[in-house]
>>> print(open('my_file-v7.cif').read())   # mmCIF, C-alpha atoms
data_model
loop_
_atom_site.label_atom_id
_atom_site.label_comp_id
_atom_site.auth_asym_id
_atom_site.auth_seq_id
_atom_site.Cartn_x
_atom_site.Cartn_y
_atom_site.Cartn_z
CA MET A 664 0.00 0.00 0.00
CA ASN A 665 1.28 3.45 -0.92
CA SER A 666 2.35 5.72 1.86
CA PHE A 667 0.49 8.90 2.69
CA GLU A 668 3.19 11.12 1.11
CA GLU A 669 3.31 8.99 -2.01
CA ILE A 670 -0.45 9.22 -2.59
CA VAL A 671 -0.44 12.98 -2.02
CA LYS A 672 2.52 13.34 -4.40
CA GLN A 673 0.71 11.30 -7.05
CA GLU A 674 -2.46 13.34 -6.63
CA LYS A 675 -0.56 16.60 -7.10
CA GLN A 676 0.57 15.35 -10.48
CA VAL A 677 -2.95 14.55 -11.65
CA SER A 678 -4.45 17.29 -13.83
CA TYR A 679 -8.20 17.39 -14.18
CA ALA A 680 -9.80 18.93 -17.24
CA GLN A 681 -13.32 19.97 -18.14
CA ARG A 682 -14.91 17.88 -20.88
CA ASP A 683 -15.16 20.90 -23.17
CA ARG A 684 -13.75 24.12 -21.81
CA GLU A 685 -15.10 26.25 -24.67
CA LEU A 686 -18.61 24.94 -24.16
CA PHE A 687 -18.35 25.34 -20.39
CA SER A 688 -17.21 28.93 -20.79
CA PHE A 689 -19.97 29.68 -23.31
CA TYR A 690 -22.63 28.13 -21.09
CA THR A 691 -21.40 29.99 -18.00
CA LEU A 692 -21.43 33.31 -19.85
CA THR A 693 -24.93 32.52 -21.12
CA LEU A 694 -26.09 31.94 -17.55
CA ILE A 695 -24.50 35.23 -16.49
CA ALA A 696 -26.22 37.07 -19.35
CA GLN A 697 -29.50 35.39 -18.43
CA GLU A 698 -29.13 36.50 -14.81
CA GLN A 699 -28.36 40.06 -15.88
CA ALA A 700 -31.38 40.11 -18.20
CA SER A 701 -33.54 38.80 -15.37
CA LYS A 702 -32.31 41.59 -13.06
CA LYS A 703 -33.02 44.22 -15.73
CA LEU A 704 -36.49 42.82 -16.29
CA LYS A 705 -37.21 42.94 -12.56
CA THR A 706 -36.11 46.60 -12.46
CA LYS A 707 -38.38 47.38 -15.41
CA LEU A 708 -41.29 45.58 -13.81
CA TRP A 709 -40.82 47.55 -10.60
CA ALA A 710 -40.68 50.79 -12.58
CA CYS A 711 -43.85 49.78 -14.45
CA LEU A 712 -45.58 48.95 -11.18
CA ILE A 713 -44.69 52.34 -9.73
CA PHE A 714 -45.86 54.13 -12.89
CA PHE A 715 -49.04 52.08 -12.95
CA THR A 716 -49.80 52.83 -9.28
CA LEU A 717 -49.10 56.51 -9.82
CA GLY A 718 -51.25 56.43 -12.94
CA LEU A 719 -54.11 54.83 -11.07
CA PHE A 720 -53.81 57.40 -8.33
CA ILE A 721 -53.84 60.23 -10.86
CA PHE A 722 -56.72 58.72 -12.85
CA PHE A 723 -58.95 58.11 -9.87
CA SER A 724 -58.19 61.18 -7.79
CA PRO A 725 -60.89 63.34 -9.53
CA ILE A 726 -63.45 60.60 -8.92
CA TYR A 727 -62.63 60.50 -5.21
CA GLN A 728 -62.90 64.25 -5.03
CA LEU A 729 -66.20 64.19 -6.88
CA MET A 730 -67.55 61.48 -4.59
CA GLY A 731 -66.34 63.34 -1.50
CA ASP A 732 -67.91 66.53 -2.67
CA LEU A 733 -71.14 64.76 -3.48
CA VAL A 734 -71.32 63.33 0.00
CA VAL A 735 -70.08 66.25 2.04
CA HIS A 736 -70.85 69.36 0.06
CA LEU A 737 -73.49 68.26 -2.37
CA SER A 738 -74.67 71.77 -2.97
CA THR A 739 -71.26 73.41 -3.44
CA ILE A 740 -69.60 71.30 -6.10
CA GLU A 741 -67.12 73.26 -8.17
CA ILE A 742 -67.52 71.45 -11.45
CA ILE A 743 -64.94 73.68 -13.11
CA ASP A 744 -62.24 72.73 -10.53
CA ILE A 745 -63.00 69.06 -11.01
CA PHE A 746 -62.69 69.38 -14.77
CA LYS A 747 -59.42 71.28 -14.36
CA MET A 748 -58.00 68.60 -12.10
CA ALA A 749 -59.22 65.84 -14.40
CA LEU A 750 -57.60 67.60 -17.35
CA VAL A 751 -54.27 67.92 -15.54
CA SER A 752 -54.43 64.34 -14.21
CA TYR A 753 -55.27 62.78 -17.56
CA GLY A 754 -52.65 64.96 -19.19
CA VAL A 755 -49.95 63.71 -16.82
CA ALA A 756 -51.12 60.11 -17.20
CA GLY A 757 -51.15 60.48 -21.00
CA LEU A 758 -47.63 61.86 -20.88
CA CYS A 759 -46.55 58.87 -18.78
CA ILE A 760 -48.06 56.47 -21.32
CA VAL A 761 -46.26 58.21 -24.19
CA LEU A 762 -42.99 58.03 -22.24
CA ILE A 763 -43.52 54.35 -21.47
CA LYS A 764 -44.28 53.61 -25.13
CA ARG A 765 -41.14 55.37 -26.21
CA GLY A 766 -39.72 53.56 -23.22
CA ALA A 767 -36.11 53.25 -24.20
CA VAL A 768 -35.17 56.65 -22.82
CA VAL A 769 -36.97 56.21 -19.53
CA PHE A 770 -35.93 52.66 -18.72
CA ARG A 771 -32.42 52.45 -20.07
CA MET B 192 -1.33 38.22 -21.99
CA ASP B 193 -3.72 40.25 -19.85
CA THR B 194 -3.43 39.82 -16.10
CA ASP B 195 -6.41 38.62 -14.08
CA GLU B 196 -6.73 41.99 -12.40
CA GLU B 197 -6.89 43.79 -15.75
CA LEU B 198 -9.55 41.38 -16.96
CA VAL B 199 -11.57 41.90 -13.78
CA LYS B 200 -11.41 45.67 -14.27
CA ARG B 201 -12.53 45.35 -17.88
CA ALA B 202 -15.31 42.93 -16.99
CA LEU B 203 -16.53 45.43 -14.40
CA LYS B 204 -16.70 48.10 -17.07
CA GLY B 205 -19.24 45.93 -18.84
CA GLY B 206 -17.34 43.47 -20.96
CA ASN B 207 -18.66 39.99 -20.37
CA HIS B 208 -16.23 38.60 -22.91
CA HIS B 209 -13.34 39.68 -20.68
CA TYR B 210 -14.84 37.60 -17.92
CA GLY B 211 -15.01 34.76 -20.43
CA VAL B 212 -11.22 34.79 -20.61
CA LEU B 213 -11.07 34.36 -16.82
CA VAL B 214 -13.58 31.51 -17.02
CA GLN B 215 -11.46 29.74 -19.60
CA ARG B 216 -8.30 30.39 -17.62
CA TYR B 217 -9.58 28.88 -14.37
CA ALA B 218 -12.17 26.35 -15.59
CA ASP B 219 -9.83 23.39 -15.21
CA TYR B 220 -8.38 24.62 -11.92
CA LEU B 221 -11.80 24.91 -10.31
CA PHE B 222 -12.92 21.64 -11.85
CA GLY B 223 -9.88 19.91 -10.35
CA LEU B 224 -10.58 21.43 -6.95
CA GLY B 225 -14.19 20.29 -7.25
CA MET B 226 -13.13 16.78 -8.24
CA ARG B 227 -10.88 16.52 -5.20
CA LEU B 228 -13.46 17.89 -2.80
CA THR B 229 -16.20 15.62 -4.14
CA SER B 230 -13.92 12.57 -4.32
CA GLY B 231 -14.15 12.32 -8.09
CA ASN B 232 -17.79 13.17 -8.74
CA ARG B 233 -17.60 14.87 -12.14
CA GLU B 234 -21.14 16.23 -12.13
CA LEU B 235 -20.79 17.88 -8.74
CA ALA B 236 -17.33 19.16 -9.65
CA GLU B 237 -18.80 20.80 -12.77
CA ASP B 238 -21.62 22.29 -10.68
CA ILE B 239 -19.17 23.68 -8.15
CA SER B 240 -16.99 25.27 -10.80
CA GLN B 241 -19.99 26.81 -12.56
CA GLN B 242 -21.57 28.12 -9.36
CA SER B 243 -18.21 29.56 -8.34
CA PHE B 244 -17.91 31.50 -11.59
CA LEU B 245 -21.48 32.77 -11.32
CA LYS B 246 -20.95 33.90 -7.72
CA SER B 247 -17.60 35.41 -8.58
CA TYR B 248 -19.25 37.47 -11.33
CA SER B 249 -22.03 38.62 -9.00
CA TYR B 250 -19.53 39.82 -6.42
CA LEU B 251 -16.84 40.98 -8.83
CA LYS B 252 -17.11 44.53 -7.48
CA SER B 253 -15.98 43.31 -4.07
CA PHE B 254 -12.85 41.64 -5.45
CA ASP B 255 -9.87 42.84 -3.45
CA SER B 256 -6.97 43.24 -5.85
CA ARG B 257 -4.45 42.97 -2.99
CA LYS B 258 -4.98 39.22 -3.31
CA THR B 259 -4.94 37.23 -6.52
CA TYR B 260 -8.08 36.37 -8.44
CA LYS B 261 -7.21 32.67 -8.18
CA TYR B 262 -7.00 32.94 -4.39
CA TRP B 263 -10.36 34.74 -4.27
CA LEU B 264 -11.93 32.18 -6.60
CA THR B 265 -10.63 29.32 -4.46
CA GLY B 266 -12.39 30.78 -1.43
CA ILE B 267 -15.62 31.08 -3.39
CA ALA B 268 -15.36 27.51 -4.68
CA VAL B 269 -14.73 26.08 -1.21
CA ASN B 270 -17.76 27.91 0.13
CA CYS B 271 -19.85 26.78 -2.85
CA PHE B 272 -18.90 23.21 -1.98
CA LYS B 273 -19.90 23.78 1.65
CA ASP B 274 -23.24 25.28 0.55
CA MET B 275 -23.78 22.41 -1.83
CA ILE B 276 -23.27 19.71 0.77
CA LYS B 277 -25.67 21.54 3.06
CA LYS B 278 -28.36 21.88 0.42
CA ASP B 279 -27.83 19.02 -1.98
CA GLN B 280 -29.61 15.98 -0.68
CA LYS B 281 -28.12 13.93 -3.47
CA TYR B 282 -24.67 14.48 -2.05
CA THR B 283 -25.57 13.83 1.59
CA ASP B 284 -27.41 10.69 0.51
CA LEU B 285 -24.16 9.39 -0.88
CA ASP B 286 -22.34 10.05 2.36
CA SER B 287 -24.92 8.71 4.75
CA GLY B 288 -24.91 5.38 3.00
CA SER B 289 -28.62 5.48 2.22
CA GLU B 290 -29.72 4.69 -1.28
CA PRO B 291 -28.54 7.51 -3.56
CA SER B 292 -31.06 9.24 -5.78
CA TYR B 293 -28.72 8.96 -8.76
CA SER B 294 -25.55 7.12 -9.71
CA PRO B 295 -22.57 9.44 -9.87
CA GLN B 296 -19.69 8.64 -12.17
CA LEU B 297 -16.59 8.69 -10.01
CA GLU B 298 -13.33 9.39 -11.78
CA GLY B 299 -9.77 10.36 -10.96
CA ASN B 300 -7.05 9.11 -8.65
CA THR B 301 -8.91 6.59 -6.53
CA GLY B 302 -5.88 6.16 -4.26
CA PHE B 303 -6.28 9.73 -3.05
CA PHE B 304 -10.05 9.47 -2.74
CA ASP B 305 -9.67 6.26 -0.73
CA LEU B 306 -7.14 7.99 1.48
CA ILE B 307 -9.47 10.87 2.35
CA ALA B 308 -12.61 8.73 2.53
CA PRO B 309 -12.61 8.49 6.38
CA LEU B 310 -12.57 12.28 6.69
CA THR B 311 -15.60 14.51 7.13
CA GLU B 312 -16.40 17.00 4.36
CA ASP B 313 -14.83 19.85 6.35
CA GLU B 314 -11.69 17.82 6.94
CA LYS B 315 -11.52 16.91 3.25
CA ILE B 316 -11.52 20.62 2.41
CA LEU B 317 -8.77 21.37 4.93
CA PHE B 318 -6.67 18.39 3.91
CA THR B 319 -6.97 19.09 0.18
CA LEU B 320 -6.16 22.78 0.53
CA LYS B 321 -3.22 22.12 2.83
CA TYR B 322 -1.58 19.10 1.25
CA ILE B 323 -2.58 19.22 -2.43
CA TYR B 324 -2.78 22.97 -3.05
CA GLU B 325 -0.25 23.82 -0.33
CA TYR B 326 -2.13 26.80 1.05
CA GLN B 327 -0.93 28.30 4.32
CA ILE B 328 -2.94 27.83 7.50
CA ASN B 329 -3.83 31.55 7.53
CA ASP B 330 -5.14 31.37 3.94
CA ILE B 331 -7.28 28.33 4.72
CA ALA B 332 -8.60 30.08 7.81
CA ASP B 333 -9.43 33.06 5.60
CA PHE B 334 -11.30 30.89 3.06
CA LEU B 335 -13.36 29.15 5.70
CA ASP B 336 -13.78 32.09 8.05
CA LEU B 337 -12.12 30.17 10.87
CA LYS B 338 -9.37 30.99 13.33
CA PRO B 339 -5.91 29.71 12.32
CA GLY B 340 -5.75 27.74 15.57
CA THR B 341 -9.00 25.97 14.73
CA VAL B 342 -7.69 25.09 11.27
CA LYS B 343 -4.49 23.68 12.78
CA SER B 344 -6.32 21.52 15.28
CA LYS B 345 -8.79 20.27 12.66
CA ILE B 346 -5.94 19.34 10.33
CA SER B 347 -4.10 17.45 13.06
CA ARG B 348 -7.34 15.62 13.91
CA ALA B 349 -7.70 14.70 10.24
CA LEU B 350 -4.13 13.43 10.14
CA GLU B 351 -4.78 11.33 13.23
CA LYS B 352 -7.69 9.71 11.42
CA LEU B 353 -5.52 8.90 8.43
CA LYS B 354 -2.78 7.23 10.48
#
>>> encode(input="my_file-v7.cif", output="structure tokens")
Amino acid sequence: MNSFEEIVKQEKQVSYAQRDRELFSFYTLTLIAQEQASKKLKTKLWACLIFFTLGLFIFFSPIYQLMGDLVVHLSTIEIIDIFKMALVSYGVAGLCIVLIKRGAVVFR
Amino acid sequence: MDTDEELVKRALKGGNHHYGVLVQRYADYLFGLGMRLTSGNRELAEDISQQSFLKSYSYLKSFDSRKTYKYWLTGIAVNCFKDMIKKDQKYTDLDSGSEPSYSPQLEGNTGFFDLIAPLTEDEKILFTLKYIYEYQINDIADFLDLKPGTVKSKISRALEKLK
């Protein structure tokens, strides 16, 4: 039976090699690219979620005001103010949609 | 030829292909380390080397250029192996002697694998790093986040087992 030192010495001389180093490297880089793409997608989804929530808030704020006014001050509704706010809100939301559609600038 | 540190810097600037050079450079080294730690299990060794490269890329920003990339990668690989034996039931199945869920193909120098067979996984790591890769006690302690004294005593315990 080989001695401890002899076995260790033999093992040091053994060189292990991947089956296909090129393929291994390519596959590893693909996984890295996949992970990066996944991270980017997550960032975009978060951004979309924030825009969507903001959009919803902007879209529905005039309705809440209208409903509040109807309940509390039914007789003193300022229709003009509500239309102004709706106009501004929808304008901002529309702008957001245009920016999202042109997306590249916002999300890159 | 570009140094590892230069390639790391370039990869950080956004060039994945530079990292590819590092992968090619150390693929066999990590595979060999994996083979020794897993006692010749090619599949696990390939997994360890791949996971190590993926982790290394994720934490590339934290690479400390005062030490070599190979040294840093070794630490990552050793910890990948430790994580793997914690998580991978397939591997622990093999060790516990219960029926394995798959049949690994064991390759390599069986004399060495037979020699380290009585050791625990932790002891195999210490023994391999100390006697095959000839790392210093302080380096091994650094890889495994242990005190040098602990490493020394664990290695002497491992040697006792092998006598």
>>> resolve_selection(input="my_file-v7.cif", expression="the PyMOL selection byres ((chain B) within 10 of (chain A))", output="compact mmCIF listing (two decimals) with C-alpha atoms, in the frame of the given file")
# COMPACT_ATOMS: atom_id res chain seq x y z
CA ASN B 207 -18.66 39.99 -20.37
CA HIS B 208 -16.23 38.60 -22.91
CA TYR B 210 -14.84 37.60 -17.92
CA GLY B 211 -15.01 34.76 -20.43
CA VAL B 212 -11.22 34.79 -20.61
CA LEU B 213 -11.07 34.36 -16.82
CA VAL B 214 -13.58 31.51 -17.02
CA GLN B 215 -11.46 29.74 -19.60
CA ARG B 216 -8.30 30.39 -17.62
CA TYR B 217 -9.58 28.88 -14.37
CA ALA B 218 -12.17 26.35 -15.59
CA ASP B 219 -9.83 23.39 -15.21
CA TYR B 220 -8.38 24.62 -11.92
CA LEU B 221 -11.80 24.91 -10.31
CA PHE B 222 -12.92 21.64 -11.85
CA GLY B 223 -9.88 19.91 -10.35
CA LEU B 224 -10.58 21.43 -6.95
CA GLY B 225 -14.19 20.29 -7.25
CA MET B 226 -13.13 16.78 -8.24
CA ARG B 227 -10.88 16.52 -5.20
CA GLY B 231 -14.15 12.32 -8.09
CA ARG B 233 -17.60 14.87 -12.14
CA ALA B 236 -17.33 19.16 -9.65
CA GLU B 237 -18.80 20.80 -12.77
CA SER B 240 -16.99 25.27 -10.80
CA GLN B 241 -19.99 26.81 -12.56
CA GLN B 242 -21.57 28.12 -9.36
CA PHE B 244 -17.91 31.50 -11.59
CA LEU B 245 -21.48 32.77 -11.32
CA LYS B 246 -20.95 33.90 -7.72
CA TYR B 248 -19.25 37.47 -11.33
CA SER B 249 -22.03 38.62 -9.00
CA GLU B 298 -13.33 9.39 -11.78
CA GLY B 299 -9.77 10.36 -10.96
CA ASN B 300 -7.05 9.11 -8.65
CA THR B 301 -8.91 6.59 -6.53
CA GLY B 302 -5.88 6.16 -4.26
CA PHE B 303 -6.28 9.73 -3.05
CA PHE B 304 -10.05 9.47 -2.74
CA ASP B 305 -9.67 6.26 -0.73
CA LEU B 306 -7.14 7.99 1.48
CA THR B 319 -6.97 19.09 0.18
CA TYR B 322 -1.58 19.10 1.25
CA ILE B 323 -2.58 19.22 -2.43
CA TYR B 324 -2.78 22.97 -3.05
CA GLU B 325 -0.25 23.82 -0.33
CA LEU B 350 -4.13 13.43 10.14
CA LEU B 353 -5.52 8.90 8.43
CA LYS B 354 -2.78 7.23 10.48
>>> atom_distance(input="my_file-v7.cif", atom1="CA of Leu762 (chain A)", atom2="CA of Ser724 (chain A)")
21.2 Å
>>> atom_distance(input="my_file-v7.cif", atom1="CA of Asp195 (chain B)", atom2="CA of Thr259 (chain B)")
7.8 Å
>>> atom_distance(input="my_file-v7.cif", atom1="CA of Gly205 (chain B)", atom2="CA of Ala268 (chain B)")
23.6 Å
>>> closest_residue(input="my_file-v7.cif", among="A:Ala756, A:Ile763, A:Ala710, A:Ala700", to="Phe723 (chain A)", atoms="only C-alpha atoms")
A:Ala756
>>> axis_aligned_box(input="my_file-v7.cif", around="region 685-697 of chain A", padding_each_side="6 Å", output="JSON")
{"center_x": -22.3, "center_y": 31.0, "center_z": -20.6, "size_x": 26.4, "size_y": 24.1, "size_z": 20.2}
>>> closest_residue(input="my_file-v7.cif", among="B:Thr229, B:Asp274, B:Leu320, B:Ile239", to="Asp333 (chain B)", atoms="all atoms listed in the file")
B:Leu320
